[in-house]
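Okay, structure first, notes after.
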Amino acid sequence: MDLRITFQTQLNRQTAALRKQTDALARLQQQASTGLRVQSPSDDPVATAQLLRLRSEDGRRDAQQANGSTVQTKLDQANTQLLDASSILSRAREIATDGASDGNDPTAFETMAREVDGLIDRMMTLANARDDGKALFGGTSTKRDPFVVTSTDSFGRPATVAYQGSDDPAAVTVGQGQQVDMLQPGESIFQRPGQDVFQALIGLRDLLRNTGGLPLGSQRQALSQQVGTLDQSQQAILDSVGGVSASLESIQGINNRLSDLKLQGQTDISNLESADISQVVVQLTAQQNLLTSTLAVTRMSFDQNLLDLLR
Amino acid sequence: MNSFEIGLSALRASQRGIDLAGQNLANATTPGYHRQSLLTSARVVAGEGLGVEVTQVRRLYEASVENALRTNVSRSGRVDAELTTLRKVESLWTPGTGTVSDRTEQLFNGLAQLTARPDDVALRQTFLSTAAGLAGEVNNLARSFTQTRNDLRGEIDDSVAKLNAGATRLASLNQQIESIERVGGQANDLRDQRDEVIKDIASRVDVRTIDQPYGVVNVIAANAALVVGTTAAQFQANADSAGVLSLSVQGATAPLTVSEGSLAGQLNAYNQIVTQQTPALDNFARELASSIDSVHATGLGLDGPVTTALGSRAVSSPTAPLATTAPLPVQAGSLYLSVTDQSTGDRTLTQIAIDPATQSLQDVAAAITTASGGQVTGTVTSDNRLQLQAQSGFAFDFAGRIPSDPTNVMMNGTTVPTISGNYTGSANGTYSVQVVGSGTVGVTANLRLEARDANNNLVASVNIGQGYVPGTPVSIGNGMTVRLGAGTTSSGSFSIPVVANADTSGVLAATGVGSLFQGQDALSLKVRPEVMSDPRQLAGSRDGEPGDGSNFARMEQVRDQPVLAGQTFQEYLAGQSASAGSAVQQREDQQQALQALGDRLQAEQQSVSGVDVNEEALSLLQHQREFEMAARFITVVNSTLDDLVNIVS
């Protein structure tokens with residue numbers, strides 16, 4: 001037997017239908033206005049967990065990229081200073097070569113020595129160079145000057161230079177599980193065993209001033225040997241330049257990789273949480289039409305009944 | 001002649017029919033109303049028909065459908081109540097800007113940034129604000145869960161009060177119905193009212209009804225007699241000593257088993273759903289504090305070692321073993337104390353054994369005093385916190401740095417070894433350094449230095465003979481360097497204690513010495529005020545140099561550690577959100593299924609008991625016609641009698 005359809009049954013059915021349609025319409029309107037498919041965890045619990053992970057990775061990459069940028073700035077600065085140091089040593093080599101040359105007038109040695117004094121001062125300045133107030137070549141010890149003159153000759157000129165920075169490089173996280181040494185200990189650059197830059201320059205200066213009282217021939221021979229010492233010191237600097245360049249290249253590679261991963265992560269986030277707007281608009285239109293027709297049918301069904309015919 | 005009597009009975013019956021159609025139409029939309037119909041039969045007196053009589057006004061009622069509807073109402077009540085609470089819980093766990101998950105990520109990202117700029121005080125301040133924001137949000141979330149639970153308690157009390165009022169009203173209706181039906185009357189409308197009351201009770205608890213004579217109904221709610229005849233029991237909600245809330249009959253203590261209805265849902269929400277959130281959040285807060293603080297406590301601030309330290313976490317008893325008194329877990333392990341002579345810069349490293357099963361806080365304090373030879377004095381404050389105070393001219397830390405001088409030095413000559421650097425290995429132990437050969441440092445050929453780790457693995461073999469410039473550093477791996485001064489040695493040796501984790505026991509985090517956070521649960525978590533007011537105290541370094549952010553890196557690495565039951569913090573929070581979302585989704589599915597079932601049952605119930613206005617209109621027409629026919633009949637009879645009277649007259 002068919003069910004008796006009463007006024008209340010009709011009312012219940014229409015109410016239930018309108019409630020469902022209004023709810024669906026509200027959800028679609030929210031998606032259309034925010035562009036987001038996942039508004040709360042219950043919309044898609046699995047996607048919610050995935051979104052949290054992806055956003056976490058995205059934020060982490062931002063921090064790593066910022067670190068990479070800081071490291072790059074420091075390494076660029078260090079590279080500039082080291083290239084200057086190399087050019088100082090090149091000039092010192094030229095002076096030593098000139099001094100060793102037989103054709104050179106020994107009376108010019110004092111002038112050359114004065115130039116080397118300037119080179120030593122310049123080398124001290126750049127070895128103690130700072131960026132943003134922090135020593136570039138002191139390792140983790142960024143506050144105090146990495147190099148200090150520990151003794152002077154009778155004229156107050158530097159005789160020995162000592163390293164007082166840290167032995168530890170300042171390592172920075174630039175990628176997941178990836179660290180790059182941002183600030184190198186200066187001792188491993190300027191004062192390697194047998195490749196002491198300051199010692200090479202001070203030695204050249206003292207040879208030019210002939211503080212050892214050598215005969216001219218021996219002095220020229222010693223100056224000639226000093227060219228080799230300067231070459232070794234310059235090699236230490238160039239090795240460090242190579243190391244810094246390699247680090248810069250590595251940073252660039254990591255940054256590029258981070259950019260790619262970030263783009264992929266953002267695409268994944270968008271795919272997971274974003275609503276398909278064209279689909280939403282189509283569904284919204286369909287839902288609106290359905291609601292309109294339901295309202296019309298509701299009105300019609302309550303318009304007519306037998307009581308109207310009783311006169 | 002009975003014609004008038006017959007006509008009159010027909011008039012009465014049709015009038016009753018018109019009244020009933022009117023009553024049905026009037027209550028077409030009245031909730032709980034069941035349509036009524038007229039049952040008539042021929043009136044027979046002494047075997048002779050005497051018109052029509054109304055034998056019953058029938059209330060159209062299908063018990064099986066009504067019971068199914070009531071069960072559906074009960075189930076919906078439970079699901080709705082649970083869903084309401086679950087939606088609140090879901091919204092609290094929903095990730096978004098400023099939430100716990102967002103701020104946790106910010107915390108670790110801040111630590112990552114600090115590795116690049118460890119001495120940037122402004123960045124340190126920003127990080128501390130982030131940490132304080134995270135702690136504050138954890139506090140807010142904990143308070144919200146407590147508030148939700150308190151609100152639920154109020155709702156449960158309110159629901160119980162309404163249930164009790166319903167029981168009283170039901171008993172009263174039983175009495176009225178019985179008094180009418182005992183004398184042969186029909187109390188259809190009162191039965192409708194009573195069914196509505198039962199429905200309301202069913203929406204709160206699971207009910208069963210037992211029909212009694214004269215229309216009386218006994219109601220069993222939550223397997224307890226709520227209404228028996230005209231007597232109503234009263235229910236109450238009480239919490240036991242563990243805080244578990246249950247329903248019981250007033251005057252009895254046995255808890256009732258409420259399986260359905262809004263009270264079942266509210267009780268489940270109170271005892272399970274919300275109650276489970278607080279320990280989950282406490283767990284997060286405790287692990288965050290413990291894992292970050294255990295690293296922070298073994299680092300150094302911008303001002304290096306300290307001269308005094310006061311623990312931020314109190315034990316419950318200073319004399320009982322830490323295993324039962326510490327606010328955070330302590331395990332058997334070692335604590336490495338470094339003491340620095342501030343005048344010379346010389347630093348010693350001392351290992352202190354910690355056993356929470358036997359040592360109390362006072363024992364630990366005494367052990368620190370003893371191990372440092374009195375250079376650091378450990379005491380317990382009156383509020384059960386650990387306090388450390390260095391002797392004048394000394395400072396201490398727990399960074400585990402290698403000591404200034406090697407230990408067990410036996411060089412068998414005049415050369416003096418010095419060590420420096422920051423150990424970067426992953427295991428605690430002692431490096432053994434052995435000179436291979438005899439001779440003069442920097443002069444003798446084939447004079448070597450071999451370094452072996454705690455497992456006797458060769459980690460470095462370096463030349464210190466011919467070609468070595470005395471006093472220059474040589475690396476022996478894992479961040480450490482050795483210098484040998486000019487002089488002689490004959491198969492000399494020395495040791496270097498190395499520490500990767502200066503507190504394997506967790507006693508520093510448990511007592512809050514050198515901690516970043518204080519508090520041990522979600523409500524009490526906050527950044528330690530001393531650090532908050534002085535960002536320089538943020539311990540980001542392990543070697544004490546301003547440019548060293550290695551301890552920040554260690555703290556940042558905590559984010560990838562499975563510290564919460566095999567999950568990282570981010571995975572744990574995602575799990576909470578997903579779990580809350582899944583629970584909401586599940587209840588929404590249940591709600592939709594129950595709604596659909598309810599709609600079908602409602603339609604079935606309406607099919608039997610609902611008022612159809614068209615039917616009633618026809619019924620009205622029918623009874624109108626009956627009335628007209630009866631009136632016509634009486635007119636005819638009267639006319640016939642007139643004719644008879646005219647003949648007689």
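Chain lettering (A, B, ...) mirrors the order of the structure tokens, residue numbering begins at 1 for each chain separately, and ligand numbering begins at 1 in order of display.
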
Would you list the contacts of B:Ala596 as a list in words, taking every protein, DNA or RNA residue within 12 Å and counting only C-alpha atoms, but skipping same-chain residues closer than 2 positions in sequence?
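Final neighbour list, sorted by chain and number: Asn12, Arg13, Ala16, Ala17 and Lys20 of chain A; Leu69, Asn72, Ser76, Asp589, Gln590, Gln591, Gln592, Ala593, Leu594, Gly598, Asp599, Arg600, Leu601, Gln602 and Ala603 of chain B.
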
Please produce a file of those selected residues containing all heavy atoms, as a short mmCIF file (atom, residue, chain, number, x, y, z; two decimals), in the first residue's frame.
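Printed below is selection_32.cif as written:
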```cif
data_model
loop_
_atom_site.label_atom_id
_atom_site.label_comp_id
_atom_site.auth_asym_id
_atom_site.auth_seq_id
_atom_site.Cartn_x
_atom_site.Cartn_y
_atom_site.Cartn_z
N ASN A 12 7.70 18.19 6.11
CA ASN A 12 8.98 17.60 6.54
C ASN A 12 9.92 17.39 5.36
O ASN A 12 11.11 17.69 5.44
CB ASN A 12 8.73 16.24 7.22
CG ASN A 12 8.07 16.39 8.58
OD1 ASN A 12 8.06 17.49 9.14
ND2 ASN A 12 7.51 15.32 9.09
N ARG A 13 9.36 16.88 4.28
CA ARG A 13 10.22 16.58 3.12
C ARG A 13 10.79 17.86 2.52
O ARG A 13 11.97 17.93 2.18
CB ARG A 13 9.41 15.82 2.06
CG ARG A 13 9.19 14.37 2.44
CD ARG A 13 8.47 13.63 1.35
NE ARG A 13 8.34 12.22 1.67
CZ ARG A 13 7.68 11.35 0.92
NH1 ARG A 13 7.08 11.76 -0.18
NH2 ARG A 13 7.59 10.09 1.27
N ALA A 16 13.42 19.26 4.80
CA ALA A 16 14.68 18.51 4.72
C ALA A 16 15.41 18.83 3.43
O ALA A 16 16.63 19.04 3.43
CB ALA A 16 14.40 17.02 4.82
N ALA A 17 14.66 18.90 2.32
CA ALA A 17 15.28 19.19 1.03
C ALA A 17 15.89 20.59 1.03
O ALA A 17 17.02 20.78 0.57
CB ALA A 17 14.24 19.06 -0.08
N LYS A 20 19.11 20.69 3.16
CA LYS A 20 20.25 20.09 2.47
C LYS A 20 20.77 21.03 1.38
O LYS A 20 21.98 21.21 1.23
CB LYS A 20 19.83 18.77 1.81
CG LYS A 20 19.85 17.59 2.76
CD LYS A 20 19.51 16.32 2.01
CE LYS A 20 19.32 15.16 2.97
NZ LYS A 20 18.78 13.99 2.31
N LEU B 69 11.03 5.38 15.87
CA LEU B 69 11.29 6.83 15.84
C LEU B 69 11.97 7.29 17.13
O LEU B 69 12.90 8.09 17.11
CB LEU B 69 9.96 7.59 15.68
CG LEU B 69 9.68 8.19 14.31
CD1 LEU B 69 8.31 8.85 14.32
CD2 LEU B 69 10.75 9.21 13.92
N ASN B 72 15.45 6.33 17.15
CA ASN B 72 16.20 7.21 16.24
C ASN B 72 16.50 8.55 16.91
O ASN B 72 17.60 9.11 16.77
CB ASN B 72 15.40 7.40 14.95
CG ASN B 72 16.15 8.21 13.93
OD1 ASN B 72 16.02 9.42 13.87
ND2 ASN B 72 16.98 7.54 13.13
N SER B 76 20.15 10.00 17.53
CA SER B 76 20.47 11.32 16.99
C SER B 76 20.93 12.25 18.11
O SER B 76 21.84 13.06 17.92
CB SER B 76 19.25 11.94 16.29
OG SER B 76 18.90 11.16 15.18
N ASP B 589 28.62 11.72 9.16
CA ASP B 589 28.09 10.61 8.37
C ASP B 589 26.97 9.90 9.14
O ASP B 589 25.92 9.58 8.59
CB ASP B 589 29.19 9.60 8.03
CG ASP B 589 30.17 10.17 7.01
OD1 ASP B 589 29.84 11.20 6.40
OD2 ASP B 589 31.26 9.59 6.85
N GLN B 590 27.23 9.67 10.44
CA GLN B 590 26.22 9.02 11.29
C GLN B 590 24.97 9.88 11.36
O GLN B 590 23.84 9.39 11.27
CB GLN B 590 26.76 8.80 12.70
CG GLN B 590 27.77 7.68 12.81
CD GLN B 590 28.28 7.51 14.23
OE1 GLN B 590 27.87 8.24 15.14
NE2 GLN B 590 29.18 6.57 14.42
N GLN B 591 25.22 11.19 11.50
CA GLN B 591 24.10 12.13 11.62
C GLN B 591 23.25 12.09 10.35
O GLN B 591 22.01 12.08 10.41
CB GLN B 591 24.63 13.54 11.87
CG GLN B 591 23.56 14.54 12.27
CD GLN B 591 24.11 15.95 12.34
OE1 GLN B 591 24.83 16.39 11.45
NE2 GLN B 591 23.79 16.65 13.41
N GLN B 592 23.91 12.07 9.21
CA GLN B 592 23.17 12.04 7.94
C GLN B 592 22.38 10.75 7.80
O GLN B 592 21.22 10.76 7.36
CB GLN B 592 24.15 12.16 6.76
CG GLN B 592 24.57 13.60 6.52
CD GLN B 592 25.50 13.73 5.32
OE1 GLN B 592 25.69 12.79 4.57
NE2 GLN B 592 26.08 14.89 5.18
N ALA B 593 23.01 9.63 8.20
CA ALA B 593 22.32 8.34 8.11
C ALA B 593 21.11 8.33 9.02
O ALA B 593 20.02 7.89 8.64
CB ALA B 593 23.28 7.21 8.47
N LEU B 594 21.28 8.84 10.25
CA LEU B 594 20.17 8.88 11.20
C LEU B 594 19.09 9.84 10.73
O LEU B 594 17.89 9.59 10.93
CB LEU B 594 20.68 9.29 12.59
CG LEU B 594 21.46 8.21 13.34
CD1 LEU B 594 22.17 8.80 14.55
CD2 LEU B 594 20.53 7.08 13.78
N GLY B 598 15.46 8.82 10.06
CA GLY B 598 14.42 9.57 10.78
C GLY B 598 13.38 10.11 9.82
O GLY B 598 12.18 10.06 10.11
N ASP B 599 13.82 10.60 8.66
CA ASP B 599 12.88 11.15 7.68
C ASP B 599 11.94 10.04 7.18
O ASP B 599 10.73 10.25 7.02
CB ASP B 599 13.64 11.76 6.49
CG ASP B 599 14.32 13.07 6.87
OD1 ASP B 599 13.99 13.62 7.95
OD2 ASP B 599 15.18 13.54 6.10
N ARG B 600 12.55 8.86 6.94
CA ARG B 600 11.71 7.75 6.46
C ARG B 600 10.71 7.32 7.52
O ARG B 600 9.53 7.10 7.25
CB ARG B 600 12.60 6.56 6.06
CG ARG B 600 13.27 6.72 4.71
CD ARG B 600 13.69 5.37 4.16
NE ARG B 600 14.60 4.66 5.02
CZ ARG B 600 15.92 4.88 5.07
NH1 ARG B 600 16.45 5.82 4.31
NH2 ARG B 600 16.68 4.19 5.89
N LEU B 601 11.20 7.20 8.76
CA LEU B 601 10.31 6.79 9.86
C LEU B 601 9.23 7.83 10.08
O LEU B 601 8.07 7.50 10.37
CB LEU B 601 11.13 6.59 11.14
CG LEU B 601 12.04 5.36 11.15
CD1 LEU B 601 12.97 5.39 12.36
CD2 LEU B 601 11.21 4.08 11.16
N GLN B 602 9.62 9.10 9.96
CA GLN B 602 8.66 10.19 10.13
C GLN B 602 7.56 10.08 9.08
O GLN B 602 6.36 10.27 9.38
CB GLN B 602 9.40 11.52 9.99
CG GLN B 602 8.64 12.75 10.49
CD GLN B 602 8.57 12.81 11.99
OE1 GLN B 602 9.55 12.49 12.64
NE2 GLN B 602 7.43 13.19 12.54
N ALA B 603 7.97 9.77 7.86
CA ALA B 603 6.99 9.63 6.78
C ALA B 603 6.04 8.46 7.06
O ALA B 603 4.84 8.55 6.84
CB ALA B 603 7.71 9.44 5.46
#
```

Interface list for chain B, partner chain A, 6 Å threshold, only C-alpha atoms, as a list in words
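So the contacting residues turn out to be Asn109, Gln113, Thr115, Ala116, Gly421, Glu545, Pro546, Gly547, Asp548, Ala574, Ala578, Gly581, Ser582, Val584, Gln585, Ala603, Ser607, Gly610, Val611, Asp612, Asn614 and Ala617 of chain B.
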
Return as an NGL selection string the full set of residues in stretch 6-221 of chain A whose backbone-based DSSP assignment is strand (DSSP E or B).
:A and (36 or 130-131 or 134-135 or 138 or 147-152 or 158-163 or 170-175 or 178-183 or 185 or 191-192 or 195-196)

Just to be explicit: take each residue in the selection above, keep N, CA and C atoms, and write the result as an mmCIF file, in the first residue's frame.
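Output (again_18.cif):
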```
data_model
loop_
_atom_site.group_PDB
_atom_site.id
_atom_site.type_symbol
_atom_site.label_atom_id
_atom_site.label_comp_id
_atom_site.auth_asym_id
_atom_site.auth_seq_id
_atom_site.Cartn_x
_atom_site.Cartn_y
_atom_site.Cartn_z
ATOM 1 N N LEU A 36 39.080 28.092 -1.410
ATOM 2 C CA LEU A 36 39.660 26.947 -0.702
ATOM 3 C C LEU A 36 38.657 25.801 -0.593
ATOM 4 N N ARG A 130 85.418 43.290 8.499
ATOM 5 C CA ARG A 130 84.134 42.994 9.134
ATOM 6 C C ARG A 130 82.989 43.220 8.162
ATOM 7 N N ASP A 131 81.942 42.471 8.355
ATOM 8 C CA ASP A 131 80.709 42.711 7.613
ATOM 9 C C ASP A 131 79.587 42.765 8.647
ATOM 10 N N LYS A 134 80.792 42.246 12.115
ATOM 11 C CA LYS A 134 81.296 40.945 12.571
ATOM 12 C C LYS A 134 82.503 40.540 11.739
ATOM 13 N N ALA A 135 83.547 40.073 12.449
ATOM 14 C CA ALA A 135 84.782 39.689 11.774
ATOM 15 C C ALA A 135 84.502 38.575 10.773
ATOM 16 N N GLY A 138 87.327 35.283 11.665
ATOM 17 C CA GLY A 138 87.598 34.869 13.046
ATOM 18 C C GLY A 138 86.869 33.597 13.423
ATOM 19 N N PHE A 147 93.161 38.944 14.040
ATOM 20 C CA PHE A 147 94.629 38.998 14.015
ATOM 21 C C PHE A 147 95.110 40.215 14.805
ATOM 22 N N VAL A 148 96.177 40.012 15.532
ATOM 23 C CA VAL A 148 96.708 41.086 16.357
ATOM 24 C C VAL A 148 98.247 41.062 16.254
ATOM 25 N N VAL A 149 98.824 42.261 16.242
ATOM 26 C CA VAL A 149 100.287 42.371 16.214
ATOM 27 C C VAL A 149 100.789 42.076 17.622
ATOM 28 N N THR A 150 101.586 41.054 17.731
ATOM 29 C CA THR A 150 102.026 40.647 19.072
ATOM 30 C C THR A 150 103.407 41.221 19.429
ATOM 31 N N SER A 151 104.166 41.635 18.407
ATOM 32 C CA SER A 151 105.447 42.295 18.720
ATOM 33 C C SER A 151 105.822 43.222 17.558
ATOM 34 N N THR A 152 106.611 44.243 17.889
ATOM 35 C CA THR A 152 107.029 45.215 16.873
ATOM 36 C C THR A 152 108.543 45.346 16.901
ATOM 37 N N PRO A 158 105.170 46.165 12.742
ATOM 38 C CA PRO A 158 104.808 44.800 13.150
ATOM 39 C C PRO A 158 105.964 43.825 12.916
ATOM 40 N N ALA A 159 106.223 43.035 13.922
ATOM 41 C CA ALA A 159 107.263 42.011 13.787
ATOM 42 C C ALA A 159 106.641 40.622 13.761
ATOM 43 N N THR A 160 105.636 40.414 14.619
ATOM 44 C CA THR A 160 104.908 39.130 14.596
ATOM 45 C C THR A 160 103.409 39.407 14.698
ATOM 46 N N VAL A 161 102.664 38.549 14.039
ATOM 47 C CA VAL A 161 101.196 38.661 14.053
ATOM 48 C C VAL A 161 100.633 37.321 14.545
ATOM 49 N N ALA A 162 99.681 37.385 15.461
ATOM 50 C CA ALA A 162 99.097 36.145 15.993
ATOM 51 C C ALA A 162 97.598 36.113 15.738
ATOM 52 N N TYR A 163 97.102 34.899 15.621
ATOM 53 C CA TYR A 163 95.653 34.691 15.432
ATOM 54 C C TYR A 163 95.000 34.525 16.794
ATOM 55 N N ALA A 170 82.021 29.047 11.571
ATOM 56 C CA ALA A 170 80.610 29.279 11.896
ATOM 57 C C ALA A 170 79.771 28.583 10.837
ATOM 58 N N ALA A 171 79.144 27.482 11.227
ATOM 59 C CA ALA A 171 78.360 26.697 10.265
ATOM 60 C C ALA A 171 76.903 27.130 10.307
ATOM 61 N N VAL A 172 76.304 27.192 9.144
ATOM 62 C CA VAL A 172 74.913 27.652 9.037
ATOM 63 C C VAL A 172 74.090 26.616 8.279
ATOM 64 N N THR A 173 72.868 26.392 8.778
ATOM 65 C CA THR A 173 71.967 25.443 8.123
ATOM 66 C C THR A 173 71.360 26.108 6.884
ATOM 67 N N VAL A 174 71.618 25.529 5.729
ATOM 68 C CA VAL A 174 71.078 26.116 4.497
ATOM 69 C C VAL A 174 70.158 25.145 3.756
ATOM 70 N N GLY A 175 70.020 23.961 4.291
ATOM 71 C CA GLY A 175 69.139 22.974 3.669
ATOM 72 C C GLY A 175 68.943 21.874 4.683
ATOM 73 N N GLN A 178 71.906 20.058 5.653
ATOM 74 C CA GLN A 178 73.034 20.656 4.929
ATOM 75 C C GLN A 178 73.508 21.906 5.645
ATOM 76 N N GLN A 179 74.784 21.912 5.969
ATOM 77 C CA GLN A 179 75.369 23.080 6.627
ATOM 78 C C GLN A 179 76.541 23.576 5.791
ATOM 79 N N VAL A 180 76.719 24.883 5.777
ATOM 80 C CA VAL A 180 77.839 25.488 5.056
ATOM 81 C C VAL A 180 78.618 26.343 6.044
ATOM 82 N N ASP A 181 79.956 26.266 5.962
ATOM 83 C CA ASP A 181 80.786 27.116 6.831
ATOM 84 C C ASP A 181 80.740 28.539 6.292
ATOM 85 N N MET A 182 80.147 29.422 7.086
ATOM 86 C CA MET A 182 79.979 30.804 6.636
ATOM 87 C C MET A 182 81.224 31.639 6.952
ATOM 88 N N LEU A 183 81.742 31.476 8.163
ATOM 89 C CA LEU A 183 82.912 32.253 8.589
ATOM 90 C C LEU A 183 84.052 31.279 8.886
ATOM 91 N N PRO A 185 87.851 30.127 10.082
ATOM 92 C CA PRO A 185 88.915 30.587 10.979
ATOM 93 C C PRO A 185 90.064 31.150 10.133
ATOM 94 N N GLN A 191 97.457 32.081 8.027
ATOM 95 C CA GLN A 191 98.617 31.598 8.781
ATOM 96 C C GLN A 191 98.690 30.071 8.787
ATOM 97 N N ARG A 192 98.619 29.510 7.600
ATOM 98 C CA ARG A 192 98.793 28.057 7.518
ATOM 99 C C ARG A 192 100.258 27.727 7.810
ATOM 100 N N GLN A 195 102.885 28.696 5.316
ATOM 101 C CA GLN A 195 102.267 29.607 4.332
ATOM 102 C C GLN A 195 101.721 30.846 5.042
ATOM 103 N N ASP A 196 102.496 31.339 6.010
ATOM 104 C CA ASP A 196 102.042 32.482 6.812
ATOM 105 C C ASP A 196 102.180 33.763 5.992
#
```

Show which residues sit within 7 Å of stretch 397-410 of chain B, as a PyMOL selection string. Count only C-alpha atoms, and ignore same-chain residues fewer than 6 positions away.
chain B and resi 297-300+305-306+336-339+346-349+418-419+422+492-499+502+542-543
